[in-house]
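Participant: Just dropping this structure here.
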Amino acid sequence: MRFYSTNRTAPEVDLAGALLQGQAPDKGLYMPRTLPSLSPELLARARDLSYPELAAHILGLYAEGVFSHEELEEICQDAYNYPVPVEQVDGKGHLLRLDRGPTASFKDFAARFMGRALGRLVRARGKELLVLTATSGDTGSAVAHAFLGVESIRVVVLFPRHEVSDRQRRQMTTLGGNIATLALDAKFDDCQALVKQAFADPDLSNLGLTSANSINIGRLLPQSVYYVHAAARLADVAGGEQVVFCVPSGNFGNLMGGLLAMHMGLPVARFVVATNANDEVPRFLDTGRYEKIVPSLKCISNAMNVGHPSNLARIIDLYGGWMDEQGALKEQPDLDRLRRDLYAVSIDDERTRRAIVNTYHRHGALLEPHGAVGWAGLEDFLSACPQQSHMPAISLETAHPAKFPEEIRALIGIDPELPESMAGLDTRPEHHRGLPPDYTAFKDFLISEYRT
Ligand SMILES: *Cc1c(COP(=O)(O)O)cnc(C)c1O
């Protein structure tokens, strides 16, 4: 399988090249040249396969010549050692809980695959890697946990000091070892911009930089798997029975995983795309004009406070258009098809809070702010498009409520139970340093700490 750049000038690479480079040299994002098909046999078996088995089969479609099936099975057995429950909430409405991994967000799915895959590639090549990651809340901890102790790989995480919850911060700052964390008085988008600038800086080219943000294709492919897993539990997917998914979205990597699954043949009638008040994508689908939101708005679903999602360039590419790395729309995608596949809606904090309260009192289901944006978006869709309401609908719960105890306590007066993986978190010592939000300071830090 070859991967091309959305900016169309960088040479094509295989999966190893795409994983190791992160962003393509022309600043585009890697995309698979052809989308493999989920065979009817695989779809028919999906319900009976364990999650790691299903993941190894699907990822194997992209990894030919890079990882053998046995290697992928090993990676996936090791990475996916936690449950992936699909819960019925109300009639056709379900929740896919993606919060049972070690850092209690869906980012564990991709980060744990990437850490193991990159670890193997680096061992085989004998070249050190420096992984740079900007986080709006959950990527940093998932990546830090997934890469902790991996030989020859070091990780630097940049986070917006005032926009992550206490527990989100502690999950990344209490590790130490090969993980460095930098707190910036800035927005997530500023952190992401610094990381992108470092990749493009020829002075840093000898540091072996790569990205563990969702600009790296390794962060997307594993996110196709749970869509197949969940749909196969609720519908006869081999017979073409359709489902609806609702995806709370910020940088649109999660949605991109779902779109890949759909374009590989999973029968999905519609993706409901729910953003918080950062509504640049719903507005784009509405008007065909794209405008970033600068600076991004601060909402309680903090991991979705993104004013210019980096994966939008991939979605536009998948639908025949071209968006460059600045967010300029150079060629319009097929908007009619995009609107047929996606129903986009923006949910503000007030509706998010109401969804947390209502789903708890009406259905006994505890949501955190991101999952609540999704659930509210699904309700919006079901009343706007009743003709699609007869099929199973699956809303993704992307984090565990215990990551946001202050909000939950204020709204419904309970303390979400702490998952085992987070026990002891509140008292471990933290290590992080502050960094001014300017590129020179960041570059000096990288050179003084990591130049060999
Ligand atoms: C990262 C994150 C999101 C947004 O996912 P994208 O792939 O960036 O759209 C939603 N919810 C939670 C809890 C997250 O950590």
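Each chain in the structure tokens gets a letter, A, B and so on, in the order shown; residues start at 1 in every chain, and ligands are counted from 1 in the order they appear.
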Counting only C-alpha atoms, what is within 12 Å of Ala269 (chain A), bar same-chain residues fewer than 5 positions away, as a PDB file with N, CA, C and O atoms, in the first residue's frame?
Facilitator:
```
ATOM      1  N   ALA A 231     -20.608  -1.542  14.644  1.00  0.00           N
ATOM      2  CA  ALA A 231     -21.681  -1.739  13.664  1.00  0.00           C
ATOM      3  C   ALA A 231     -22.023  -3.221  13.562  1.00  0.00           C
ATOM      4  O   ALA A 231     -23.206  -3.603  13.501  1.00  0.00           O
ATOM      5  N   VAL A 237     -24.030  -6.307   8.936  1.00  0.00           N
ATOM      6  CA  VAL A 237     -23.249  -5.439   8.048  1.00  0.00           C
ATOM      7  C   VAL A 237     -22.835  -6.163   6.770  1.00  0.00           C
ATOM      8  O   VAL A 237     -22.713  -5.547   5.711  1.00  0.00           O
ATOM      9  N   GLY A 240     -25.384  -5.676   4.323  1.00  0.00           N
ATOM     10  CA  GLY A 240     -25.609  -4.288   3.907  1.00  0.00           C
ATOM     11  C   GLY A 240     -26.535  -3.498   4.814  1.00  0.00           C
ATOM     12  O   GLY A 240     -26.922  -2.378   4.487  1.00  0.00           O
ATOM     13  N   GLU A 241     -26.876  -4.050   5.980  1.00  0.00           N
ATOM     14  CA  GLU A 241     -27.757  -3.296   6.882  1.00  0.00           C
ATOM     15  C   GLU A 241     -27.007  -2.081   7.444  1.00  0.00           C
ATOM     16  O   GLU A 241     -25.897  -2.210   7.965  1.00  0.00           O
ATOM     17  N   GLN A 242     -27.635  -0.907   7.348  1.00  0.00           N
ATOM     18  CA  GLN A 242     -26.929   0.335   7.667  1.00  0.00           C
ATOM     19  C   GLN A 242     -27.094   0.786   9.114  1.00  0.00           C
ATOM     20  O   GLN A 242     -28.088   0.477   9.765  1.00  0.00           O
ATOM     21  N   VAL A 243     -26.102   1.547   9.570  1.00  0.00           N
ATOM     22  CA  VAL A 243     -26.170   2.170  10.894  1.00  0.00           C
ATOM     23  C   VAL A 243     -25.847   3.661  10.757  1.00  0.00           C
ATOM     24  O   VAL A 243     -25.357   4.101   9.719  1.00  0.00           O
ATOM     25  N   VAL A 244     -26.137   4.405  11.821  1.00  0.00           N
ATOM     26  CA  VAL A 244     -25.740   5.820  11.909  1.00  0.00           C
ATOM     27  C   VAL A 244     -24.726   5.934  13.035  1.00  0.00           C
ATOM     28  O   VAL A 244     -24.903   5.324  14.090  1.00  0.00           O
ATOM     29  N   PHE A 245     -23.653   6.707  12.805  1.00  0.00           N
ATOM     30  CA  PHE A 245     -22.703   6.996  13.881  1.00  0.00           C
ATOM     31  C   PHE A 245     -22.753   8.475  14.216  1.00  0.00           C
ATOM     32  O   PHE A 245     -22.960   9.309  13.327  1.00  0.00           O
ATOM     33  N   CYS A 246     -22.542   8.776  15.482  1.00  0.00           N
ATOM     34  CA  CYS A 246     -22.379  10.185  15.842  1.00  0.00           C
ATOM     35  C   CYS A 246     -21.008  10.382  16.482  1.00  0.00           C
ATOM     36  O   CYS A 246     -20.644   9.677  17.427  1.00  0.00           O
ATOM     37  N   GLY A 258     -13.687   6.853  10.830  1.00  0.00           N
ATOM     38  CA  GLY A 258     -15.009   6.361  10.452  1.00  0.00           C
ATOM     39  C   GLY A 258     -15.245   6.466   8.951  1.00  0.00           C
ATOM     40  O   GLY A 258     -15.785   5.544   8.328  1.00  0.00           O
ATOM     41  N   LEU A 259     -14.829   7.582   8.375  1.00  0.00           N
ATOM     42  CA  LEU A 259     -15.017   7.741   6.920  1.00  0.00           C
ATOM     43  C   LEU A 259     -14.216   6.699   6.149  1.00  0.00           C
ATOM     44  O   LEU A 259     -14.684   6.167   5.141  1.00  0.00           O
ATOM     45  N   MET A 262     -16.175   3.545   6.239  1.00  0.00           N
ATOM     46  CA  MET A 262     -17.312   3.623   5.320  1.00  0.00           C
ATOM     47  C   MET A 262     -16.857   3.466   3.863  1.00  0.00           C
ATOM     48  O   MET A 262     -17.441   2.706   3.092  1.00  0.00           O
ATOM     49  N   HIS A 263     -15.788   4.155   3.515  1.00  0.00           N
ATOM     50  CA  HIS A 263     -15.320   4.069   2.129  1.00  0.00           C
ATOM     51  C   HIS A 263     -14.660   2.715   1.840  1.00  0.00           C
ATOM     52  O   HIS A 263     -14.454   2.366   0.685  1.00  0.00           O
ATOM     53  N   ARG A 339     -22.409  16.283   1.995  1.00  0.00           N
ATOM     54  CA  ARG A 339     -23.634  16.540   2.767  1.00  0.00           C
ATOM     55  C   ARG A 339     -24.500  15.292   2.869  1.00  0.00           C
ATOM     56  O   ARG A 339     -25.255  15.132   3.823  1.00  0.00           O
ATOM     57  N   ARG A 340     -24.394  14.413   1.874  1.00  0.00           N
ATOM     58  CA  ARG A 340     -25.143  13.165   1.968  1.00  0.00           C
ATOM     59  C   ARG A 340     -24.561  12.261   3.058  1.00  0.00           C
ATOM     60  O   ARG A 340     -25.274  11.562   3.766  1.00  0.00           O
ATOM     61  N   ASP A 341     -23.229  12.284   3.179  1.00  0.00           N
ATOM     62  CA  ASP A 341     -22.568  11.389   4.142  1.00  0.00           C
ATOM     63  C   ASP A 341     -22.509  11.966   5.555  1.00  0.00           C
ATOM     64  O   ASP A 341     -22.445  11.224   6.530  1.00  0.00           O
ATOM     65  N   LEU A 342     -22.457  13.296   5.661  1.00  0.00           N
ATOM     66  CA  LEU A 342     -22.272  13.933   6.969  1.00  0.00           C
ATOM     67  C   LEU A 342     -23.448  14.836   7.303  1.00  0.00           C
ATOM     68  O   LEU A 342     -23.948  15.567   6.449  1.00  0.00           O
ATOM     69  N   TYR A 343     -23.845  14.785   8.569  1.00  0.00           N
ATOM     70  CA  TYR A 343     -24.811  15.754   9.083  1.00  0.00           C
ATOM     71  C   TYR A 343     -24.082  16.486  10.203  1.00  0.00           C
ATOM     72  O   TYR A 343     -23.741  15.874  11.218  1.00  0.00           O
ATOM     73  N   CYS A 385     -33.985  14.412  10.783  1.00  0.00           N
ATOM     74  CA  CYS A 385     -34.020  13.414   9.710  1.00  0.00           C
ATOM     75  C   CYS A 385     -34.729  12.148  10.193  1.00  0.00           C
ATOM     76  O   CYS A 385     -34.101  11.092  10.307  1.00  0.00           O
ATOM     77  N   GLN A 387     -36.534  10.101   8.826  1.00  0.00           N
ATOM     78  CA  GLN A 387     -36.507   8.964   7.888  1.00  0.00           C
ATOM     79  C   GLN A 387     -35.290   8.069   8.124  1.00  0.00           C
ATOM     80  O   GLN A 387     -35.252   6.940   7.657  1.00  0.00           O
ATOM     81  N   GLN A 388     -34.255   8.574   8.842  1.00  0.00           N
ATOM     82  CA  GLN A 388     -33.089   7.732   9.130  1.00  0.00           C
ATOM     83  C   GLN A 388     -33.082   7.263  10.588  1.00  0.00           C
ATOM     84  O   GLN A 388     -32.072   6.782  11.080  1.00  0.00           O
ATOM     85  N   SER A 389     -34.237   7.383  11.265  1.00  0.00           N
ATOM     86  CA  SER A 389     -34.220   7.075  12.696  1.00  0.00           C
ATOM     87  C   SER A 389     -34.574   5.616  13.001  1.00  0.00           C
ATOM     88  O   SER A 389     -34.557   5.219  14.158  1.00  0.00           O
ATOM     89  N   HIS A 390     -34.873   4.812  11.957  1.00  0.00           N
ATOM     90  CA  HIS A 390     -35.236   3.421  12.238  1.00  0.00           C
ATOM     91  C   HIS A 390     -34.015   2.524  12.383  1.00  0.00           C
ATOM     92  O   HIS A 390     -34.120   1.378  12.751  1.00  0.00           O
ATOM     93  N   MET A 391     -32.830   3.033  12.036  1.00  0.00           N
ATOM     94  CA  MET A 391     -31.655   2.150  12.084  1.00  0.00           C
ATOM     95  C   MET A 391     -30.888   2.322  13.394  1.00  0.00           C
ATOM     96  O   MET A 391     -31.057   3.325  14.090  1.00  0.00           O
ATOM     97  N   PRO A 392     -30.041   1.341  13.735  1.00  0.00           N
ATOM     98  CA  PRO A 392     -29.236   1.492  14.944  1.00  0.00           C
ATOM     99  C   PRO A 392     -28.387   2.759  14.868  1.00  0.00           C
ATOM    100  O   PRO A 392     -27.809   3.054  13.821  1.00  0.00           O
ATOM    101  N   ALA A 393     -28.364   3.519  15.951  1.00  0.00           N
ATOM    102  CA  ALA A 393     -27.564   4.742  16.007  1.00  0.00           C
ATOM    103  C   ALA A 393     -26.554   4.600  17.135  1.00  0.00           C
ATOM    104  O   ALA A 393     -26.896   4.169  18.228  1.00  0.00           O
ATOM    105  N   ILE A 394     -25.312   4.936  16.838  1.00  0.00           N
ATOM    106  CA  ILE A 394     -24.228   4.697  17.792  1.00  0.00           C
ATOM    107  C   ILE A 394     -23.481   6.000  18.018  1.00  0.00           C
ATOM    108  O   ILE A 394     -22.841   6.536  17.107  1.00  0.00           O
TER     109      ILE A 394
END
```
Participant: Within 10 Å of His229 (chain A), counting only C-alpha atoms, which residues show up once you throw out same-chain ones fewer than 3 positions away? Write them as a PyMOL selection string, please.
Facilitator: chain A and resi 43+46-51+54-55+84-86+96+224-226+232-234
Participant: Pick the closest to Asp99 (chain A) from A:Asp348, A:Glu449, A:Glu368, A:Glu74: which is it, counting only C-alpha atoms?
Facilitator: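 Nearest to Asp99 (chain A): A:Glu368.
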Participant: Can you work out which residues are within 6 Å of ligand 1, considering only C-alpha atoms and all ligand atoms, and then hand them over as a PyMOL selection string?
Facilitator: chain A and resi 105+138+248-254+303-304+370+398-399
Participant: Could you take the residues named above and write them with C-alpha atoms, as a short mmCIF file (atom, residue, chain, number, x, y, z; two decimals), in the first residue's frame?
Facilitator:
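The file below, part_26.cif, is the result:
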```
data_model
loop_
_atom_site.label_atom_id
_atom_site.label_comp_id
_atom_site.auth_asym_id
_atom_site.auth_seq_id
_atom_site.Cartn_x
_atom_site.Cartn_y
_atom_site.Cartn_z
CA SER A 105 -9.98 8.41 26.23
CA ASP A 138 -6.15 13.80 25.85
CA PRO A 248 -18.01 14.37 18.71
CA SER A 249 -15.27 16.14 16.75
CA GLY A 250 -12.39 18.59 17.21
CA ASN A 251 -9.46 17.82 14.95
CA PHE A 252 -11.61 15.36 12.95
CA GLY A 253 -9.23 12.41 13.26
CA ASN A 254 -11.89 10.24 14.85
CA ALA A 303 -10.36 18.37 23.70
CA MET A 304 -12.55 19.74 20.90
CA HIS A 370 -17.43 15.34 24.79
CA THR A 398 -14.71 9.48 23.76
CA ALA A 399 -13.59 9.91 27.38
#
```
